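The file start27.txt comes next; it holds compact mmCIF, C-alpha atoms and all ligand atoms.
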```
# COMPACT_ATOMS: atom_id res chain seq x y z
CA MET X 2 -11.06 10.20 -24.11
CA TYR X 3 -11.31 8.74 -20.66
CA ARG X 4 -9.62 8.68 -17.27
CA MET X 5 -9.12 6.02 -14.67
CA LEU X 6 -11.47 5.56 -11.75
CA PHE X 7 -11.00 3.12 -8.90
CA PRO X 8 -13.21 0.01 -8.53
CA GLY X 9 -16.92 0.80 -8.36
CA GLY X 10 -16.30 4.11 -10.17
CA ARG X 11 -14.72 5.73 -7.11
CA GLU X 12 -12.28 8.67 -7.34
CA TRP X 13 -10.69 8.17 -3.92
CA ALA X 14 -8.59 5.35 -2.50
CA LEU X 15 -6.91 4.90 0.87
CA THR X 16 -4.19 2.48 1.90
CA LEU X 17 -2.04 2.06 5.00
CA SER X 18 1.44 0.50 5.25
CA TYR X 19 2.92 -0.48 8.63
CA ASP X 20 6.29 -2.07 9.22
CA ASP X 21 8.19 -4.61 11.32
CA GLY X 22 5.49 -7.11 12.42
CA VAL X 23 5.10 -6.10 16.07
CA SER X 24 2.46 -6.86 18.70
CA THR X 25 1.03 -3.33 18.61
CA ASP X 26 -0.19 -4.14 15.08
CA ILE X 27 -3.02 -6.04 16.80
CA ARG X 28 -4.46 -2.83 18.26
CA LEU X 29 -3.89 -0.94 15.01
CA ILE X 30 -5.68 -3.59 12.96
CA GLY X 31 -8.59 -3.51 15.41
CA ILE X 32 -8.97 0.23 14.81
CA MET X 33 -8.61 -0.19 11.04
CA LYS X 34 -11.23 -2.94 10.90
CA ASP X 35 -13.69 -0.87 12.98
CA HIS X 36 -13.58 1.69 10.15
CA GLY X 37 -13.39 -0.65 7.16
CA ILE X 38 -9.82 0.49 6.42
CA ARG X 39 -7.32 -1.91 4.88
CA GLY X 40 -3.60 -2.00 4.37
CA THR X 41 -0.30 -3.79 4.11
CA PHE X 42 2.05 -5.04 6.82
CA ASN X 43 5.73 -5.37 5.98
CA LEU X 44 7.42 -8.16 7.88
CA ASN X 45 10.92 -9.51 8.47
CA GLY X 46 10.77 -13.29 8.07
CA GLY X 47 13.99 -13.74 10.09
CA LEU X 48 12.82 -11.74 13.10
CA MET X 49 9.56 -13.51 13.98
CA HIS X 50 10.98 -14.68 17.30
CA GLY X 51 8.30 -13.56 19.73
CA ARG X 52 10.83 -11.64 21.83
CA PRO X 53 10.79 -7.92 22.76
CA ARG X 54 11.35 -5.57 19.85
CA THR X 55 14.04 -3.75 21.83
CA GLU X 56 15.53 -4.81 25.12
CA GLY X 57 13.08 -4.44 28.00
CA SER X 58 10.16 -3.42 25.75
CA HIS X 59 6.70 -4.97 26.28
CA ILE X 60 6.23 -4.82 22.50
CA THR X 61 7.21 -8.10 20.85
CA ARG X 62 7.95 -9.30 17.34
CA LEU X 63 5.07 -11.57 16.32
CA THR X 64 5.74 -15.28 15.78
CA PRO X 65 4.76 -17.06 12.53
CA ASP X 66 1.65 -18.49 14.26
CA GLU X 67 0.63 -15.04 15.46
CA VAL X 68 1.33 -13.54 12.02
CA ARG X 69 -1.04 -16.08 10.45
CA GLU X 70 -3.89 -14.92 12.72
CA VAL X 71 -3.22 -11.21 13.23
CA TYR X 72 -3.02 -10.15 9.58
CA ARG X 73 -6.10 -11.93 8.29
CA GLY X 74 -7.85 -9.64 5.79
CA MET X 75 -4.72 -7.49 5.37
CA GLU X 76 -1.78 -7.89 2.99
CA ILE X 77 1.53 -9.29 4.20
CA ALA X 78 4.58 -7.97 2.34
CA CYS X 79 8.38 -8.18 2.52
CA HIS X 80 10.66 -5.94 4.56
CA GLY X 81 13.99 -7.83 4.27
CA TYR X 82 14.69 -11.07 6.16
CA THR X 83 16.67 -9.32 8.92
CA HIS X 84 15.84 -5.65 8.18
CA PRO X 85 19.10 -4.81 6.34
CA PHE X 86 20.24 -1.56 4.74
CA MET X 87 19.51 -2.75 1.20
CA GLU X 88 21.92 -0.37 -0.53
CA GLN X 89 24.80 -1.12 1.86
CA VAL X 90 24.89 -4.92 1.93
CA PRO X 91 26.73 -6.92 -0.78
CA SER X 92 24.43 -7.72 -3.69
CA ASP X 93 24.39 -11.45 -2.84
CA VAL X 94 23.17 -10.60 0.65
CA LEU X 95 20.45 -8.42 -0.86
CA VAL X 96 19.31 -11.41 -2.92
CA GLY X 97 19.38 -13.66 0.16
CA GLU X 98 17.54 -11.16 2.35
CA THR X 99 14.78 -10.78 -0.23
CA VAL X 100 14.41 -14.43 -1.19
CA LEU X 101 14.49 -15.71 2.41
CA ASP X 102 11.90 -13.13 3.44
CA ARG X 103 9.59 -14.02 0.54
CA MET X 104 9.96 -17.72 1.30
CA ALA X 105 9.21 -17.28 5.02
CA LEU X 106 6.14 -15.15 4.31
CA GLU X 107 4.86 -17.35 1.49
CA LYS X 108 5.14 -20.35 3.81
CA ILE X 109 2.78 -18.54 6.20
CA THR X 110 0.32 -17.16 3.64
CA GLY X 111 0.39 -20.04 1.16
CA ALA X 112 0.28 -17.42 -1.63
CA PRO X 113 2.75 -15.33 -3.64
CA VAL X 114 4.21 -12.40 -1.65
CA ARG X 115 5.49 -9.82 -4.13
CA GLY X 116 5.09 -6.50 -2.29
CA MET X 117 7.71 -4.81 -0.15
CA ALA X 118 8.67 -1.79 1.91
CA TYR X 119 12.36 -0.84 2.00
CA PRO X 120 13.91 -1.37 5.43
CA TYR X 121 14.99 2.13 6.52
CA GLY X 122 13.31 3.37 3.35
CA THR X 123 16.53 3.37 1.38
CA ASN X 124 16.37 2.56 -2.30
CA ILE X 125 18.64 3.17 -5.27
CA PRO X 126 18.26 2.15 -8.95
CA GLU X 127 20.58 -0.90 -8.57
CA VAL X 128 18.47 -2.21 -5.68
CA ARG X 129 15.25 -1.66 -7.63
CA GLU X 130 16.60 -3.64 -10.59
CA ARG X 131 17.63 -6.55 -8.35
CA LEU X 132 14.28 -6.63 -6.58
CA LYS X 133 12.46 -6.64 -9.91
CA ALA X 134 14.48 -9.68 -10.95
CA LEU X 135 13.45 -11.38 -7.69
CA GLY X 136 9.76 -10.90 -8.48
CA ILE X 137 9.09 -7.90 -6.23
CA VAL X 138 6.56 -5.72 -8.09
CA TYR X 139 6.31 -2.72 -5.76
CA SER X 140 8.25 -1.31 -2.83
CA ARG X 141 7.47 1.62 -0.56
CA THR X 142 10.04 4.24 0.36
CA THR X 143 9.91 6.57 3.36
CA VAL X 144 9.58 9.68 1.21
CA SER X 145 6.49 11.78 1.99
CA THR X 146 5.00 13.56 -1.00
CA GLU X 147 2.12 15.17 0.93
CA LYS X 148 0.25 14.52 -2.33
CA PHE X 149 -2.31 12.03 -3.59
CA ASP X 150 -0.76 11.05 -6.91
CA LEU X 151 -0.51 7.49 -8.12
CA PRO X 152 3.08 6.18 -8.14
CA GLU X 153 5.15 6.74 -11.28
CA ASP X 154 7.47 3.86 -10.39
CA PHE X 155 5.97 1.16 -8.19
CA LEU X 156 9.47 0.15 -7.04
CA ALA X 157 9.87 3.65 -5.62
CA TRP X 158 6.36 4.07 -4.24
CA HIS X 159 6.35 7.22 -2.09
CA ALA X 160 3.69 7.64 0.57
CA THR X 161 1.51 10.67 1.15
CA CYS X 162 2.95 10.96 4.66
CA HIS X 163 3.95 9.30 7.92
CA HIS X 164 1.30 9.41 10.66
CA ARG X 165 3.45 11.75 12.76
CA ASN X 166 3.29 14.43 10.05
CA ALA X 167 1.93 17.56 11.74
CA ARG X 168 -0.08 18.35 8.61
CA LEU X 169 -2.02 15.06 8.74
CA PRO X 170 -5.44 16.61 9.57
CA GLU X 171 -4.88 19.28 6.90
CA LEU X 172 -3.97 16.60 4.34
CA CYS X 173 -7.16 14.68 5.16
CA ASP X 174 -9.15 17.87 4.48
CA ALA X 175 -7.35 18.44 1.19
CA PHE X 176 -7.90 14.82 0.15
CA LEU X 177 -11.60 14.87 0.91
CA GLY X 178 -12.03 18.38 -0.53
CA ALA X 179 -13.19 19.46 -3.97
CA ALA X 180 -12.97 16.80 -6.69
CA SER X 181 -9.74 16.98 -8.67
CA ARG X 182 -11.07 15.17 -11.76
CA ARG X 183 -8.46 12.47 -11.39
CA PRO X 184 -8.12 9.51 -9.05
CA ARG X 185 -6.54 10.33 -5.72
CA LEU X 186 -4.74 8.00 -3.35
CA PHE X 187 -4.05 8.73 0.31
CA TYR X 188 -1.14 6.55 1.43
CA LEU X 189 -0.27 6.58 5.15
CA TRP X 190 2.67 4.72 6.68
CA GLY X 191 4.42 4.19 9.99
CA HIS X 192 5.15 1.69 12.77
CA SER X 193 2.41 0.83 15.24
CA TYR X 194 4.91 0.72 18.13
CA GLU X 195 5.34 4.48 17.65
CA PHE X 196 1.78 4.98 18.94
CA ASP X 197 2.78 3.26 22.20
CA ASP X 198 6.16 4.99 22.41
CA ALA X 199 4.62 8.43 21.89
CA ASP X 200 1.37 7.57 23.70
CA ASN X 201 -0.61 8.98 20.78
CA TRP X 202 -3.03 6.28 19.61
CA ASP X 203 -5.54 9.13 19.30
CA VAL X 204 -3.70 10.22 16.12
CA ILE X 205 -4.64 7.05 14.26
CA GLU X 206 -8.08 6.87 15.88
CA ARG X 207 -8.90 10.37 14.66
CA PHE X 208 -7.46 9.59 11.22
CA CYS X 209 -9.59 6.45 10.86
CA ASP X 210 -12.70 8.26 12.17
CA ARG X 211 -12.20 10.93 9.54
CA MET X 212 -11.23 8.70 6.60
CA GLY X 213 -13.05 5.43 7.30
CA GLY X 214 -16.51 4.12 6.50
CA LYS X 215 -17.06 6.19 3.35
CA GLN X 216 -18.89 4.80 0.35
CA GLU X 217 -16.88 6.97 -2.03
CA ILE X 218 -13.45 5.71 -0.89
CA TRP X 219 -11.92 2.44 -2.03
CA TYR X 220 -10.18 0.83 0.95
CA ALA X 221 -7.44 -1.39 -0.37
CA THR X 222 -4.14 -3.06 0.32
CA ASN X 223 -1.02 -1.93 -1.55
CA MET X 224 -1.14 -5.03 -3.74
CA GLU X 225 -4.79 -4.51 -4.68
CA ILE X 226 -3.92 -0.99 -5.82
CA TYR X 227 -0.94 -2.31 -7.78
CA HIS X 228 -3.12 -4.96 -9.45
CA TYR X 229 -5.89 -2.54 -10.30
CA ILE X 230 -3.60 0.15 -11.78
CA SER X 231 -1.73 -2.55 -13.72
CA ALA X 232 -5.06 -3.75 -15.16
CA TYR X 233 -5.95 -0.19 -16.18
CA ARG X 234 -2.54 0.27 -17.82
CA ALA X 235 -3.01 -3.03 -19.68
CA LEU X 236 -6.17 -1.83 -21.46
CA VAL X 237 -5.88 -1.93 -25.24
CA SER X 238 -7.55 0.94 -27.09
CA THR X 239 -8.62 1.80 -30.61
CA LEU X 240 -6.69 4.74 -32.04
CA THR X 241 -9.53 7.12 -31.20
CA GLY X 242 -10.13 5.69 -27.74
CA ASP X 243 -13.79 4.94 -28.51
CA ALA X 244 -13.43 1.23 -27.80
CA LEU X 245 -11.34 -0.63 -25.26
CA TYR X 246 -10.31 -4.23 -24.79
CA ASN X 247 -9.59 -5.39 -21.25
CA PRO X 248 -7.28 -8.43 -21.48
CA THR X 249 -7.00 -8.81 -17.67
CA ASP X 250 -9.06 -10.65 -15.05
CA THR X 251 -10.04 -7.37 -13.32
CA ASP X 252 -13.03 -5.17 -14.18
CA VAL X 253 -11.74 -1.64 -14.88
CA PHE X 254 -13.75 1.54 -14.26
CA LEU X 255 -13.27 4.81 -16.05
CA MET X 256 -14.92 8.16 -16.76
CA ASN X 257 -15.70 8.83 -20.40
CA ARG X 258 -15.90 12.13 -22.28
CA LYS X 259 -19.54 12.57 -21.28
CA GLU X 260 -18.59 12.18 -17.62
CA GLU X 261 -20.29 8.80 -17.43
CA ILE X 262 -18.83 6.00 -15.34
CA VAL X 263 -17.99 3.08 -17.61
CA ARG X 264 -17.09 -0.43 -16.51
CA VAL X 265 -14.89 -2.43 -18.85
CA PRO X 266 -15.46 -6.03 -17.75
CA ALA X 267 -12.53 -8.42 -17.51
CA GLY X 268 -11.79 -10.11 -20.81
CA SER X 269 -14.14 -8.06 -22.97
CA THR X 270 -14.27 -5.23 -25.47
CA LEU X 271 -16.46 -2.20 -24.82
CA ARG X 272 -17.36 0.99 -26.63
CA THR X 273 -16.56 3.85 -24.22
CA GLU X 274 -18.90 6.32 -25.96
CA GLU X 275 -22.35 5.55 -27.32
ZN ZN N 1 11.33 -1.44 9.38
```

Go ahead and render the structure in this file as structure tokens.
Amino acid sequence: MYRMLFPGGREWALTLSYDDGVSTDIRLIGIMKDHGIRGTFNLNGGLMHGRPRTEGSHITRLTPDEVREVYRGMEIACHGYTHPFMEQVPSDVLVGETVLDRMALEKITGAPVRGMAYPYGTNIPEVRERLKALGIVYSRTTVSTEKFDLPEDFLAWHATCHHRNARLPELCDAFLGAASRRPRLFYLWGHSYEFDDADNWDVIERFCDRMGGKQEIWYATNMEIYHYISAYRALVSTLTGDALYNPTDTDVFLMNRKEEIVRVPAGSTLRTEE
């Protein structure tokens, strides 16, 4: 049989997810780019007013023009039009908050925006079902697993941890430690304004120093991970698993029984064992 690898035959992937579309994202993205790290920024289409995030703060909500520039090379995803409690608002408001946010963000990116992070992290099955119907394909919670597993349900995508987790350095060690013989994802989330508030930008600098610039890690946005795993799950196999058809537009990498890295090119059929 075989097991999934990430693009290029890698066993490790890293993604970041930061919320609320604030001016401190500029510094965060600078640090990420210095280390080749990529991620997803979850924005509220109705709050891009350019004013302070909280009264008197020097940290502002980015305007649509700023958003267009700042997040180049990163993924932009939904976070509710006005940052509502998704499970508390009437269901029509939930629809409006999601649709308006998508529309505002798609107007900026000129591309489909189908990712999301739950405002306040709250999610319940009814909300997940509604979001699915509105074309949202994944949404991040605020649950920390302190693990590196791939999500079981993309609409309840739990992170490895928040950046303020005291075990962060330990988790980096565990992630980079001995091979686990299955693909591992490190998923970090937070708000970049927290680095200013707590005066601890060194936390993310150390994290990126440790985790960035490595050939063996796939640095990806949330949506790229969703697309890749979806492509892997779409593979069609013979009953014995000795040949695979890849009906998607994404090359899929896997490890075969002989521990060889195999690439199943988009749109083709391949024998996994020779
Ligand atoms: Zn938020």

* Top pick for closest residue to ligand ZN 1 (chain N), considering X:Leu101, X:Ile230, X:Met33, X:Leu44 and counting only C-alpha atoms and all ligand atoms -> X:Leu44

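The nearest approach to ligand ZN 1 (chain N) among the residues X:Ala232, X:Ala118, X:Leu151, X:Met256, with only C-alpha atoms and all ligand atoms taken into account, belongs to X:Ala118.
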
* To do: Give the residue list for ligand ZN 1 (chain N) at 7 Å, counting all atoms listed in the file, as a ChimeraX atom specification, sorted by chain and then by residue number.
  => /X:20-21,80,84,120-121

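Distance-wise, atom CA of X:Asn257 and atom CA of X:Leu186 end up 20.3 Å apart.
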
* To do: Find the residue from X:Asn247, X:Ile262, X:Leu189, X:Gly214 that sits nearest to X:His36; use only C-alpha atoms when measuring.
  => X:Gly214

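For the residues X:Asp154, X:Glu195, X:Glu67, X:Glu171, ranking by smallest atom-to-atom distance to X:Arg141 using all atoms listed in the file places X:Asp154 first.
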
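Interatomic distance, atom CA of X:Glu76 to atom CA of X:Gly40: 6.3 Å.
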
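Considering only C-alpha atoms, the residue among X:Arg211, X:Arg103, X:Arg185, X:Lys259 positioned nearest to X:Ala14 is X:Arg185.
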
* Would you kindly identify which residues have an atom no farther than 9 Å from (-7.4, 13.1, -1.6), using all atoms listed in the file and the file's own coordinates, and write them out as a ChimeraX atom specification? => /X:12-15,148-150,172-181,184-187

* **Atomic distance atom CA of X:Met5 - atom CA of X:Trp158, expressed in Å with one decimal** => 18.8 Å

Taking a cut-off of 7 Å and counting all atoms listed in the file, can you build a table that, for each residue of stretch 122-229 of chain X near stretch 112-117 of chain X, reports the nearest atom pair and how far apart they are in Å (one decimal), sorted by chain then residue number, as a Markdown table?
```
| residue | atom | partner | partner_atom | distance |
| --- | --- | --- | --- | --- |
| X:Gly136 | CA | X:Arg115 | CA | 6.2 |
| X:Ile137 | CA | X:Arg115 | CA | 4.6 |
| X:Val138 | CA | X:Arg115 | CA | 5.8 |
| X:Tyr139 | CA | X:Gly116 | CA | 5.3 |
| X:Ser140 | CA | X:Met117 | CA | 4.4 |
| X:Arg141 | CA | X:Met117 | CA | 6.4 |
| X:Met224 | CA | X:Gly116 | CA | 6.6 |
```

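The shell of residues at most 12 Å from X:Ala134, with only C-alpha atoms counted and near chain neighbours (fewer than 3 positions) removed, consists of Leu95, Val96, Thr99, Val100, Arg115, Glu127, Val128, Arg129, Glu130, Arg131, Ile137, Val138, Tyr139 and Leu156 of chain X.
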
I'd like the neighbourhood of X:Ser238 as a PDB file with C-alpha atoms, keeping the file's coordinate frame, where a residue qualifies if any of its atoms comes within 10 Å (using only C-alpha atoms), though same-chain residues fewer than 4 positions away should be ignored.
```pdb
ATOM      1  CA  GLY X 242     -10.130   5.690 -27.740  1.00  0.00           C
ATOM      2  CA  ASP X 243     -13.790   4.940 -28.510  1.00  0.00           C
ATOM      3  CA  ALA X 244     -13.430   1.230 -27.800  1.00  0.00           C
ATOM      4  CA  LEU X 245     -11.340  -0.630 -25.260  1.00  0.00           C
ATOM      5  CA  TYR X 246     -10.310  -4.230 -24.790  1.00  0.00           C
ATOM      6  CA  ASN X 247      -9.590  -5.390 -21.250  1.00  0.00           C
ATOM      7  CA  THR X 270     -14.270  -5.230 -25.470  1.00  0.00           C
ATOM      8  CA  LEU X 271     -16.460  -2.200 -24.820  1.00  0.00           C
ATOM      9  CA  ARG X 272     -17.360   0.990 -26.630  1.00  0.00           C
ATOM     10  CA  THR X 273     -16.560   3.850 -24.220  1.00  0.00           C
TER      11      THR X 273
END
```

* For X:Thr142, list every protein, DNA or RNA residue within 7 Å, evaluated using all atoms listed in the file, and leave out those in the same chain fewer than 4 positions away; present the list as a list in words. => Ala118, Tyr119, Gly122, Thr123, Ala157, Trp158 and His159 of chain X

Write a file of the just-selected residues containing C-alpha atoms, as a compact mmCIF listing (two decimals), keeping the file's coordinate frame.
```
# COMPACT_ATOMS: atom_id res chain seq x y z
CA ALA X 118 8.67 -1.79 1.91
CA TYR X 119 12.36 -0.84 2.00
CA GLY X 122 13.31 3.37 3.35
CA THR X 123 16.53 3.37 1.38
CA ALA X 157 9.87 3.65 -5.62
CA TRP X 158 6.36 4.07 -4.24
CA HIS X 159 6.35 7.22 -2.09
```

* To do: Neighbourhood query: residues within 9 Å of (-14.9, 2.5, -15.1), file coordinates, counting all atoms listed in the file; return as JSON, numbers by chain.
  => {"X": [4, 5, 6, 7, 8, 9, 10, 11, 252, 253, 254, 255, 256, 257, 261, 262, 263, 264, 265, 266]}

Closest atom pairs, residues of stretch 153-239 of chain X within 10 Å of stretch 51-64 of chain X, only C-alpha atoms, as a Markdown table:
```
| residue | atom | partner | partner_atom | distance |
| --- | --- | --- | --- | --- |
| X:Ser193 | CA | X:Ile60 | CA | 10.0 |
| X:Tyr194 | CA | X:Ile60 | CA | 7.2 |
| X:Asp197 | CA | X:Ile60 | CA | 8.8 |
| X:Asp198 | CA | X:Ile60 | CA | 9.8 |
```
